[in-house]
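S.K.: Dropping in protein-v6.txt, with compact mmCIF, C-alpha atoms.
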# COMPACT_ATOMS: atom_id res chain seq x y z
CA MET A 856 0.00 0.00 0.00
CA LYS A 857 0.97 3.61 -0.55
CA ILE A 858 1.71 5.60 2.61
CA LYS A 859 3.83 8.58 3.59
CA LEU A 860 6.79 8.03 5.89
CA ASN A 861 8.58 11.12 7.17
CA GLY A 862 7.19 13.15 4.28
CA ASN A 863 8.20 10.69 1.55
CA ALA A 864 5.68 8.62 -0.43
CA ILE A 865 6.56 4.94 -0.07
CA ASP A 866 5.10 1.54 -0.93
CA PHE A 867 4.67 -0.39 2.34
CA GLN A 868 4.37 -4.19 2.47
CA GLY A 869 3.13 -4.81 6.01
CA ASP A 870 0.22 -4.34 8.39
CA SER A 871 1.22 -2.28 11.39
CA LEU A 872 3.38 0.39 12.88
CA PHE A 873 5.85 -2.12 14.35
CA ASP A 874 6.23 -3.80 10.92
CA LEU A 875 7.11 -0.40 9.51
CA CYS A 876 9.65 0.19 12.30
CA LYS A 877 11.34 -3.15 11.56
CA ILE A 878 11.52 -2.59 7.81
CA PHE A 879 13.04 0.88 8.13
CA GLY A 880 15.43 0.14 11.00
CA PHE A 881 13.65 1.90 13.88
CA LYS A 882 13.27 0.24 17.30
CA GLU A 883 9.66 -0.54 18.29
CA ASP A 884 10.15 0.71 21.86
CA GLU A 885 9.84 4.22 23.30
CA THR A 886 13.20 5.33 21.89
CA THR A 887 11.30 5.84 18.62
CA VAL A 888 8.63 8.55 18.54
CA LYS A 889 5.80 7.12 16.43
CA ILE A 890 3.15 9.46 15.05
CA ILE A 891 0.30 8.24 12.88
CA ASN A 892 -1.98 10.82 11.22
CA GLY A 893 -1.06 13.46 13.79
CA PHE A 894 -1.51 11.12 16.80
CA GLN A 895 1.47 10.00 18.87
CA THR A 896 1.25 6.41 20.09
CA LEU A 897 3.18 3.64 21.85
CA GLU A 898 0.86 0.92 20.51
CA ASP A 899 1.29 -1.24 17.44
CA LEU A 900 -1.57 0.34 15.49
CA PRO A 901 -2.70 -0.98 12.09
CA ILE A 902 -1.64 0.98 9.02
CA LYS A 903 -4.02 1.78 6.18
CA GLU A 904 -3.58 3.09 2.64
CA LYS A 905 -2.68 6.84 2.55
CA ASP A 906 -1.75 7.02 6.25
CA GLU A 907 0.86 9.65 7.13
CA ILE A 908 3.46 8.35 9.53
CA VAL A 909 6.45 9.96 11.15
CA LEU A 910 9.14 7.95 12.95
CA ILE A 911 11.77 9.86 14.88
CA LYS A 912 14.77 8.41 16.70
CA LYS A 913 14.79 10.35 19.98
CA GLY A 914 17.74 12.64 20.40
CA GLU A 915 18.92 12.31 16.82
CA PHE A 916 18.95 15.33 14.52
CA PRO A 917 17.10 14.61 11.28
CA ASN A 918 18.27 15.72 7.87
CA GLU A 919 16.61 18.86 6.54
CA GLN A 920 14.39 17.00 4.11
CA GLU A 921 12.79 15.03 6.94
CA LEU A 922 12.70 17.88 9.42
CA GLU A 923 9.65 19.65 8.03
CA SER A 924 7.48 16.53 8.08
CA MET A 925 8.63 15.87 11.64
CA LEU A 926 7.82 19.42 12.73
CA SER A 927 4.32 19.08 11.34
CA ALA A 928 3.81 15.48 12.46
CA ARG A 929 1.42 16.35 15.31
CA HIS A 930 -0.85 18.45 13.08
CA THR A 931 -4.01 17.02 11.64
CA PRO A 932 -3.25 15.88 8.07
CA LYS A 933 -4.79 18.18 5.40
CA VAL A 934 -4.73 21.06 7.89
CA TYR A 935 -1.03 21.61 7.49
CA GLU A 936 -1.23 22.03 3.69
CA LYS A 937 -3.80 24.84 4.04
CA VAL A 938 -1.95 26.53 6.87
CA LYS A 939 1.31 26.38 4.96
CA LYS A 940 -0.20 28.45 2.13
CA ALA A 941 -1.56 31.10 4.51
CA ARG A 942 -0.18 34.49 5.42
CA VAL A 943 -0.94 36.45 8.60
CA ALA A 944 0.13 39.98 9.57
CA ILE A 945 0.79 40.96 13.18
CA ALA A 946 0.67 44.65 14.08
CA GLY A 947 2.74 45.17 17.22
CA LEU A 948 5.14 42.61 18.68
CA GLY A 949 4.62 42.98 22.42
CA GLY A 950 2.90 40.52 24.76
CA LEU A 951 0.10 39.78 22.32
CA GLY A 952 2.00 39.98 19.04
CA SER A 953 5.06 37.93 20.07
CA ASN A 954 2.81 35.16 21.45
CA ILE A 955 0.52 35.20 18.40
CA ALA A 956 3.54 35.00 16.08
CA ILE A 957 5.06 32.05 17.91
CA ASN A 958 1.73 30.19 18.09
CA LEU A 959 1.22 30.63 14.36
CA ALA A 960 4.83 29.65 13.60
CA ARG A 961 4.38 26.45 15.62
CA VAL A 962 1.20 25.70 13.69
CA GLY A 963 3.18 26.14 10.48
CA VAL A 964 1.61 29.25 8.94
CA GLY A 965 3.61 29.72 5.74
CA THR A 966 4.21 33.46 5.90
CA LEU A 967 4.19 35.84 8.86
CA HIS A 968 4.34 39.60 8.33
CA LEU A 969 5.65 41.17 11.54
CA ILE A 970 5.61 44.91 12.19
CA ASP A 971 6.89 46.92 15.17
CA PHE A 972 9.02 50.04 15.65
CA ASP A 973 10.38 49.32 19.12
CA ILE A 974 13.33 47.57 20.72
CA VAL A 975 13.30 44.86 23.41
CA GLU A 976 13.67 46.22 26.94
CA PRO A 977 13.80 44.54 30.37
CA SER A 978 10.18 45.42 31.23
CA ASN A 979 9.02 43.38 28.21
CA LEU A 980 10.31 40.08 29.56
CA ASN A 981 7.45 39.65 32.04
CA ARG A 982 5.11 38.63 29.21
CA GLN A 983 6.78 38.86 25.82
CA GLN A 984 8.54 36.05 23.96
CA TYR A 985 12.06 37.52 24.11
CA LEU A 986 15.23 36.57 25.95
CA MET A 987 17.90 38.50 27.87
CA LYS A 988 20.18 38.31 24.85
CA HIS A 989 17.62 40.31 22.84
CA LEU A 990 17.72 43.40 25.10
CA GLY A 991 18.30 46.46 22.93
CA MET A 992 17.54 44.59 19.72
CA GLU A 993 14.70 45.55 17.38
CA LYS A 994 11.67 43.41 18.25
CA THR A 995 11.18 42.50 14.60
CA LYS A 996 14.69 41.04 14.37
CA ALA A 997 14.55 39.37 17.78
CA LEU A 998 11.25 37.66 17.00
CA LYS A 999 12.45 36.57 13.58
CA GLU A 1000 15.41 34.93 15.30
CA GLN A 1001 13.15 33.22 17.87
CA ILE A 1002 10.88 31.84 15.16
CA SER A 1003 13.81 30.57 13.09
CA GLN A 1004 14.78 28.47 16.14
CA ILE A 1005 11.24 27.06 16.43
CA ASN A 1006 10.19 26.53 12.82
CA PRO A 1007 12.75 27.46 10.17
CA PHE A 1008 10.23 26.74 7.39
CA VAL A 1009 8.13 29.86 8.11
CA LYS A 1010 8.80 32.79 5.78
CA ILE A 1011 9.15 35.91 7.91
CA ILE A 1012 8.68 39.41 6.49
CA ILE A 1013 9.66 42.12 8.97
CA GLN A 1014 9.07 45.87 8.88
CA ASN A 1015 10.62 48.09 11.50
CA VAL A 1016 8.19 51.01 11.34
CA LYS A 1017 5.57 52.78 13.44
CA ILE A 1018 2.13 52.05 12.02
CA THR A 1019 0.07 55.20 11.48
CA GLU A 1020 -3.20 56.20 9.87
CA GLU A 1021 -1.17 57.46 6.91
CA ASN A 1022 0.93 54.36 6.23
CA CYS A 1023 -1.24 51.46 7.39
CA LEU A 1024 -3.06 50.83 4.10
CA GLU A 1025 0.28 50.58 2.30
CA ILE A 1026 1.85 48.35 4.98
CA PHE A 1027 -1.02 45.82 4.93
CA LYS A 1028 -1.83 45.96 1.20
CA ASP A 1029 -0.80 42.31 0.65
CA ASP A 1030 -2.42 40.99 3.84
CA THR A 1031 -5.94 39.63 4.24
CA ILE A 1032 -5.66 38.53 7.89
CA VAL A 1033 -4.36 41.17 10.31
CA CYS A 1034 -3.95 40.67 14.06
CA GLU A 1035 -4.05 43.99 15.91
CA ALA A 1036 -1.67 43.56 18.84
CA PHE A 1037 -0.94 47.13 19.96
CA ASP A 1038 -0.75 48.35 23.53
CA ASN A 1039 -2.23 51.82 23.04
CA PRO A 1040 -6.05 52.02 22.77
CA LEU A 1041 -5.89 54.95 20.33
CA SER A 1042 -3.66 52.95 17.97
CA LYS A 1043 -5.95 49.93 18.30
CA ALA A 1044 -9.05 51.94 17.35
CA MET A 1045 -7.20 53.71 14.53
CA LEU A 1046 -5.98 50.53 12.82
CA VAL A 1047 -9.24 48.61 13.21
CA ASN A 1048 -11.36 51.46 11.86
CA LYS A 1049 -9.01 52.35 9.01
CA LEU A 1050 -8.62 48.81 7.71
CA LEU A 1051 -12.31 47.95 8.00
CA GLU A 1052 -13.47 51.27 6.52
CA GLU A 1053 -11.13 51.14 3.53
CA ARG A 1054 -10.81 47.40 2.78
CA GLU A 1055 -13.52 44.86 2.10
CA ASP A 1056 -11.15 41.90 1.74
CA VAL A 1057 -9.45 41.94 5.13
CA TYR A 1058 -10.15 40.10 8.39
CA VAL A 1059 -9.14 42.05 11.49
CA ILE A 1060 -8.58 40.23 14.79
CA SER A 1061 -8.24 42.77 17.56
CA ALA A 1062 -7.81 42.66 21.34
CA SER A 1063 -9.16 44.69 24.24
CA GLY A 1064 -8.91 43.93 27.95
CA MET A 1065 -6.36 41.42 29.25
CA ALA A 1066 -4.65 43.20 32.18
CA GLY A 1067 -4.47 41.89 35.74
CA TYR A 1068 -5.17 38.42 37.11
CA PHE A 1069 -8.94 38.20 36.73
CA SER A 1070 -10.49 34.90 35.69
CA SER A 1071 -9.12 33.43 32.48
CA ASN A 1072 -12.70 32.61 31.52
CA SER A 1073 -13.64 36.28 31.20
CA ILE A 1074 -11.45 36.50 28.08
CA LYS A 1075 -13.56 35.69 25.05
CA THR A 1076 -13.58 35.98 21.28
CA LYS A 1077 -16.47 38.01 19.91
CA LYS A 1078 -17.42 38.34 16.26
CA ILE A 1079 -18.56 41.91 15.60
CA THR A 1080 -18.98 41.83 11.79
CA ASP A 1081 -18.16 39.26 9.08
CA ARG A 1082 -14.66 40.74 9.00
CA PHE A 1083 -14.02 41.88 12.56
CA TYR A 1084 -13.29 39.78 15.64
CA ILE A 1085 -12.26 41.05 19.06
CA CYS A 1086 -10.67 39.07 21.88
CA GLY A 1087 -10.37 40.01 25.55
CA ASP A 1088 -12.57 40.77 28.55
CA MET A 1089 -13.49 44.13 26.94
CA GLU A 1090 -12.95 46.08 30.17
CA ASN A 1091 -9.69 45.55 32.07
CA GLY A 1092 -7.12 47.89 30.58
CA ALA A 1093 -3.58 48.34 31.83
CA LYS A 1094 -3.42 51.18 34.34
CA GLN A 1095 -1.73 52.25 37.57
CA GLY A 1096 -2.10 49.39 40.03
CA MET A 1097 -3.09 46.90 37.32
CA GLY A 1098 -0.27 45.61 35.18
CA LEU A 1099 -0.05 43.26 32.25
CA MET A 1100 0.99 39.73 33.14
CA ALA A 1101 1.99 36.76 31.06
CA PRO A 1102 -0.92 34.40 31.82
CA ARG A 1103 -3.85 36.57 30.74
CA VAL A 1104 -1.90 38.22 27.93
CA SER A 1105 -1.06 34.80 26.51
CA VAL A 1106 -4.67 33.59 26.98
CA CYS A 1107 -5.77 36.56 24.89
CA ALA A 1108 -3.03 35.95 22.31
CA GLY A 1109 -4.21 32.32 22.22
CA HIS A 1110 -7.69 33.54 21.33
CA GLN A 1111 -6.34 35.77 18.58
CA SER A 1112 -4.05 33.14 17.08
CA ASN A 1113 -6.76 30.47 17.18
CA THR A 1114 -9.16 32.87 15.46
CA ALA A 1115 -6.57 33.45 12.72
CA LEU A 1116 -6.10 29.67 12.37
CA ARG A 1117 -9.87 29.13 12.19
CA ILE A 1118 -10.25 31.77 9.47
CA ILE A 1119 -7.45 30.07 7.49
CA LEU A 1120 -9.39 26.80 7.82
CA SER A 1121 -12.69 28.47 6.78
CA GLU A 1122 -14.27 28.32 10.23
CA TYR A 1123 -15.77 31.74 10.73
CA GLU A 1124 -17.90 31.41 13.87
CA CYS A 1125 -16.56 31.75 17.39
CA MET B 364 -36.96 48.96 19.09
CA ILE B 365 -33.32 49.99 18.80
CA THR B 366 -30.62 47.67 20.16
CA ILE B 367 -27.19 48.94 21.20
CA ASN B 368 -24.70 46.58 22.87
CA GLY B 369 -27.56 44.23 23.65
CA GLU B 370 -29.55 46.94 25.44
CA GLN B 371 -32.99 47.59 23.96
CA PHE B 372 -34.43 51.09 23.64
CA ASP B 373 -38.13 51.53 22.92
CA LEU B 374 -37.55 54.68 20.86
CA GLN B 375 -38.09 55.72 17.23
CA GLU B 376 -34.61 57.19 16.91
CA ILE B 377 -31.39 57.77 18.83
CA LYS B 378 -28.61 60.10 17.74
CA LEU B 379 -25.38 58.11 17.89
CA SER B 380 -23.47 61.11 19.23
CA ASP B 381 -25.98 61.47 22.10
CA TYR B 382 -25.56 57.82 23.01
CA LEU B 383 -21.76 58.08 22.94
CA ASN B 384 -21.85 61.21 25.10
CA GLU B 385 -24.21 59.68 27.60
CA LYS B 386 -22.08 56.54 27.96
CA ASN B 387 -18.89 58.60 28.01
CA LEU B 388 -17.50 56.73 24.98
CA LYS B 389 -14.69 58.61 23.23
CA PRO B 390 -14.84 58.36 19.41
CA GLU B 391 -11.06 57.95 19.15
CA ARG B 392 -11.18 54.81 21.35
CA ILE B 393 -14.07 52.93 19.80
CA ALA B 394 -15.32 51.13 16.69
CA VAL B 395 -19.03 51.13 15.84
CA GLU B 396 -20.81 48.32 14.07
CA LEU B 397 -24.22 49.20 12.63
CA ASN B 398 -26.38 46.45 11.12
CA GLY B 399 -23.38 44.25 10.36
CA LYS B 400 -21.01 46.89 8.96
CA ILE B 401 -18.34 49.11 10.48
CA LEU B 402 -19.59 52.68 10.56
CA PRO B 403 -16.94 55.11 9.25
CA LYS B 404 -15.77 57.58 11.87
CA SER B 405 -16.75 60.49 9.59
CA LYS B 406 -20.40 59.44 9.93
CA TYR B 407 -20.59 59.35 13.74
CA ASN B 408 -21.98 62.88 14.00
CA GLU B 409 -24.70 62.55 11.39
CA THR B 410 -25.85 59.01 12.23
CA ILE B 411 -29.32 58.57 13.70
CA LEU B 412 -30.29 55.03 14.71
CA LYS B 413 -33.84 54.12 13.66
CA ASP B 414 -36.42 51.58 14.80
CA GLY B 415 -35.08 48.08 14.05
CA ASP B 416 -31.40 49.09 13.96
CA LYS B 417 -28.84 47.05 15.83
CA ALA B 418 -25.48 48.52 16.82
CA GLU B 419 -22.45 47.41 18.77
CA VAL B 420 -19.98 49.90 20.18
CA VAL B 421 -16.59 48.29 20.83
CA SER B 422 -14.36 50.12 23.32
CA PHE B 423 -10.64 49.67 23.25
CA VAL B 424 -8.74 49.65 26.54
CA GLY B 425 -4.95 49.67 26.79
CA GLY B 426 -2.71 46.64 27.02
CA GLY B 427 -0.99 44.25 24.70
As structure tokens, what does this structure read like?
M.R.:
Amino acid sequence: MKIKLNGNAIDFQGDSLFDLCKIFGFKEDETTVKIINGFQTLEDLPIKEKDEIVLIKKGEFPNEQELESMLSARHTPKVYEKVKKARVAIAGLGGLGSNIAINLARVGVGTLHLIDFDIVEPSNLNRQQYLMKHLGMEKTKALKEQISQINPFVKIIIQNVKITEENCLEIFKDDTIVCEAFDNPLSKAMLVNKLLEEREDVYVISASGMAGYFSSNSIKTKKITDRFYICGDMENGAKQGMGLMAPRVSVCAGHQSNTALRIILSEYEC
Amino acid sequence: MITINGEQFDLQEIKLSDYLNEKNLKPERIAVELNGKILPKSKYNETILKDGDKAEVVSFVGGG
């Protein structure tokens, strides 16, 4: 039967996962990671025509050809192909934007368009996906480096620029999914209104309200129009006495990145 | 009936600008959806909601 092993189409003469291990020189025990159609297993499961299987020797570095299929091995088959063709823009690379970008890179979104004007500073590290070694570096470059260490198959387009009412239409002209991930409420409102007033072909996924340590369950995704989604608790802004902290910021970024993924996969309700 | 942010008003019309003033909503910090579309900012002053209209005013707070 025809199956895919580590991204390569092969003709397999056998019945089960352990047969496959034997034929291709992998041990059947837990020193081999065995993933069948996105599901990792220790059992000797039967193999069917067209199954997609990844076998990884633990601790061994694969060659580049096999690496991509291994990185995507835990994704649902068919999903990865669609996600790989997609492109998502992220406006602002702070707590929301850096988390959204890394989530989407892990999922395997083909192209990420990352925009920010700022540099990494110590106060960012409480919630943003940067490291000490990035202090002083442009956020666009630091995040590009982070993503290259997570999924080198994502194409990253970076722009080190402050997004304004005047330049935003030009910056996002090739994007149809834009995640608004700014800190400043005036910038948030500006970008959302401008893109949705001037473009009929763009989805905007915005965020409002994720400060403090209120219940995680108060953060929701709400669909406002066919093109406009907003994530957050809608009320708790950052202010004196109420800071931004990693857990709720990443919950909100999780909502935004999952909404982007769902739009890519033609699921438009929330 | 006019519905704004889920709240129902048994009125024939409501001026959007009056509603925003009353709720202390600043135009530069919001987006307004009216009957499924985003209302351009330039139309906030002239817009009068009529019987049957549904609107959602989204407020942006800081943090990201």
S.K.: Should the cut-off be 10 Å, what would the residue list for chain A against chain B look like, counting only C-alpha atoms, as a ChimeraX atom specification?
M.R.: /A:947-953,982-983,1035-1045,1047-1049,1051-1053,1061-1066,1079-1083,1085,1087-1094,1098-1100,1104-1105,1107-1108
S.K.: Take atom CA of A:Met925 and atom CA of A:Val909 and report the distance between them in Å, one decimal.
M.R.: 6.3 Å
S.K.: Would you work out the distance separating atom CA of A:Pro1102 from atom CA of A:Gln984, expressed in Å to one decimal?
M.R.: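 That distance, rounded to one decimal, is 12.4 Å.
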S.K.: Interatomic distance between atom CA of A:Lys939 and atom CA of A:Gly963?
M.R.: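 Straight-line distance from atom CA of A:Lys939 to atom CA of A:Gly963 works out to 5.8 Å.
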S.K.: Give me, as a list in words, all polymer residues having an atom no more than 8 Å from A:Ile974, counting all atoms listed in the file and skipping those fewer than 5 positions away in the same chain.
M.R.: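 The neighbour list is Leu990, Gly991, Met992, Glu993 and Lys994 of chain A.
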S.K.: Just checking: using only C-alpha atoms, which residue out of A:Tyr1058, A:Phe916, A:Phe894, A:Phe1069 ends up closest to A:Pro932?
M.R.: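 Between A:Tyr1058, A:Phe916, A:Phe894, A:Phe1069, the residue approaching A:Pro932 most closely is A:Phe894.
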S.K.: Which residue out of B:Lys417, B:Ser405, B:Ile411, B:Leu388 has the minimum interatomic distance to B:Glu376 when all atoms listed in the file are used?
M.R.: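 Of B:Lys417, B:Ser405, B:Ile411, B:Leu388, the one nearest B:Glu376 is B:Ile411, counting all atoms listed in the file.
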S.K.: May I have the residues within 7 Å of A:Ile908 as a PyMOL selection string, using all atoms listed in the file and disregarding those fewer than 6 positions away in the same chain?
M.R.: chain A and resi 859-861+890-892
S.K.: Can stretch 1064-1099 of chain A be brought up to N, CA and C atoms and written out as a CSV table (one decimal), in the coordinates of the input?
M.R.:
chain,number,residue,atom,x,y,z
A,1064,GLY,N,-8.6,44.4,26.6
A,1064,GLY,CA,-8.9,43.9,28.0
A,1064,GLY,C,-8.3,42.6,28.3
A,1065,MET,N,-7.0,42.7,28.8
A,1065,MET,CA,-6.4,41.4,29.2
A,1065,MET,C,-5.4,41.7,30.4
A,1066,ALA,N,-5.5,42.9,31.1
A,1066,ALA,CA,-4.6,43.2,32.2
A,1066,ALA,C,-5.1,42.4,33.4
A,1067,GLY,N,-4.2,42.4,34.4
A,1067,GLY,CA,-4.5,41.9,35.7
A,1067,GLY,C,-4.5,40.4,35.8
A,1068,TYR,N,-5.1,39.9,36.9
A,1068,TYR,CA,-5.2,38.4,37.1
A,1068,TYR,C,-6.6,38.0,37.4
A,1069,PHE,N,-7.5,38.6,36.7
A,1069,PHE,CA,-8.9,38.2,36.7
A,1069,PHE,C,-9.1,36.8,36.1
A,1070,SER,N,-10.3,36.3,36.2
A,1070,SER,CA,-10.5,34.9,35.7
A,1070,SER,C,-10.1,34.8,34.2
A,1071,SER,N,-9.4,33.7,33.9
A,1071,SER,CA,-9.1,33.4,32.5
A,1071,SER,C,-10.4,33.4,31.6
A,1072,ASN,N,-11.5,32.9,32.3
A,1072,ASN,CA,-12.7,32.6,31.5
A,1072,ASN,C,-13.4,33.9,31.1
A,1073,SER,N,-13.0,35.0,31.6
A,1073,SER,CA,-13.6,36.3,31.2
A,1073,SER,C,-13.1,36.7,29.9
A,1074,ILE,N,-12.0,36.1,29.4
A,1074,ILE,CA,-11.4,36.5,28.1
A,1074,ILE,C,-12.1,35.7,27.0
A,1075,LYS,N,-12.8,36.4,26.1
A,1075,LYS,CA,-13.6,35.7,25.0
A,1075,LYS,C,-13.2,36.2,23.7
A,1076,THR,N,-13.6,35.5,22.6
A,1076,THR,CA,-13.6,36.0,21.3
A,1076,THR,C,-15.0,36.3,20.9
A,1077,LYS,N,-15.1,37.5,20.3
A,1077,LYS,CA,-16.5,38.0,19.9
A,1077,LYS,C,-16.4,38.4,18.4
A,1078,LYS,N,-17.4,38.0,17.7
A,1078,LYS,CA,-17.4,38.3,16.3
A,1078,LYS,C,-18.3,39.6,16.1
A,1079,ILE,N,-17.8,40.7,15.7
A,1079,ILE,CA,-18.6,41.9,15.6
A,1079,ILE,C,-19.2,42.1,14.2
A,1080,THR,N,-18.4,41.8,13.2
A,1080,THR,CA,-19.0,41.8,11.8
A,1080,THR,C,-18.4,40.6,11.1
A,1081,ASP,N,-18.7,40.4,9.8
A,1081,ASP,CA,-18.2,39.3,9.1
A,1081,ASP,C,-16.6,39.3,9.0
A,1082,ARG,N,-16.1,40.5,9.2
A,1082,ARG,CA,-14.7,40.7,9.0
A,1082,ARG,C,-13.9,41.1,10.3
A,1083,PHE,N,-14.6,41.3,11.4
A,1083,PHE,CA,-14.0,41.9,12.6
A,1083,PHE,C,-14.3,41.0,13.8
A,1084,TYR,N,-13.2,40.6,14.4
A,1084,TYR,CA,-13.3,39.8,15.6
A,1084,TYR,C,-12.5,40.5,16.7
A,1085,ILE,N,-13.0,40.4,18.0
A,1085,ILE,CA,-12.3,41.0,19.1
A,1085,ILE,C,-12.1,40.1,20.2
A,1086,CYS,N,-10.9,40.0,20.8
A,1086,CYS,CA,-10.7,39.1,21.9
A,1086,CYS,C,-10.3,39.9,23.1
A,1087,GLY,N,-10.7,39.3,24.3
A,1087,GLY,CA,-10.4,40.0,25.6
A,1087,GLY,C,-11.6,40.0,26.5
A,1088,ASP,N,-11.4,40.7,27.6
A,1088,ASP,CA,-12.6,40.8,28.6
A,1088,ASP,C,-13.3,42.1,28.3
A,1089,MET,N,-12.8,42.9,27.4
A,1089,MET,CA,-13.5,44.1,26.9
A,1089,MET,C,-13.5,45.2,28.0
A,1090,GLU,N,-12.9,45.0,29.2
A,1090,GLU,CA,-13.0,46.1,30.2
A,1090,GLU,C,-11.6,46.3,30.9
A,1091,ASN,N,-10.8,45.3,31.2
A,1091,ASN,CA,-9.7,45.6,32.1
A,1091,ASN,C,-8.4,46.0,31.3
A,1092,GLY,N,-8.3,47.3,31.2
A,1092,GLY,CA,-7.1,47.9,30.6
A,1092,GLY,C,-6.0,48.0,31.6
A,1093,ALA,N,-4.8,48.1,31.0
A,1093,ALA,CA,-3.6,48.3,31.8
A,1093,ALA,C,-3.7,49.7,32.4
A,1094,LYS,N,-3.4,49.9,33.7
A,1094,LYS,CA,-3.4,51.2,34.3
A,1094,LYS,C,-2.6,51.1,35.6
A,1095,GLN,N,-2.5,52.2,36.3
A,1095,GLN,CA,-1.7,52.2,37.6
A,1095,GLN,C,-2.4,51.2,38.5
A,1096,GLY,N,-1.6,50.4,39.1
A,1096,GLY,CA,-2.1,49.4,40.0
A,1096,GLY,C,-2.6,48.1,39.4
A,1097,MET,N,-2.6,48.1,38.0
A,1097,MET,CA,-3.1,46.9,37.3
A,1097,MET,C,-2.2,46.7,36.1
A,1098,GLY,N,-1.2,45.8,36.3
A,1098,GLY,CA,-0.3,45.6,35.2
A,1098,GLY,C,-0.7,44.5,34.2
A,1099,LEU,N,0.2,44.3,33.2
A,1099,LEU,CA,0.0,43.3,32.2
A,1099,LEU,C,0.8,42.1,32.7
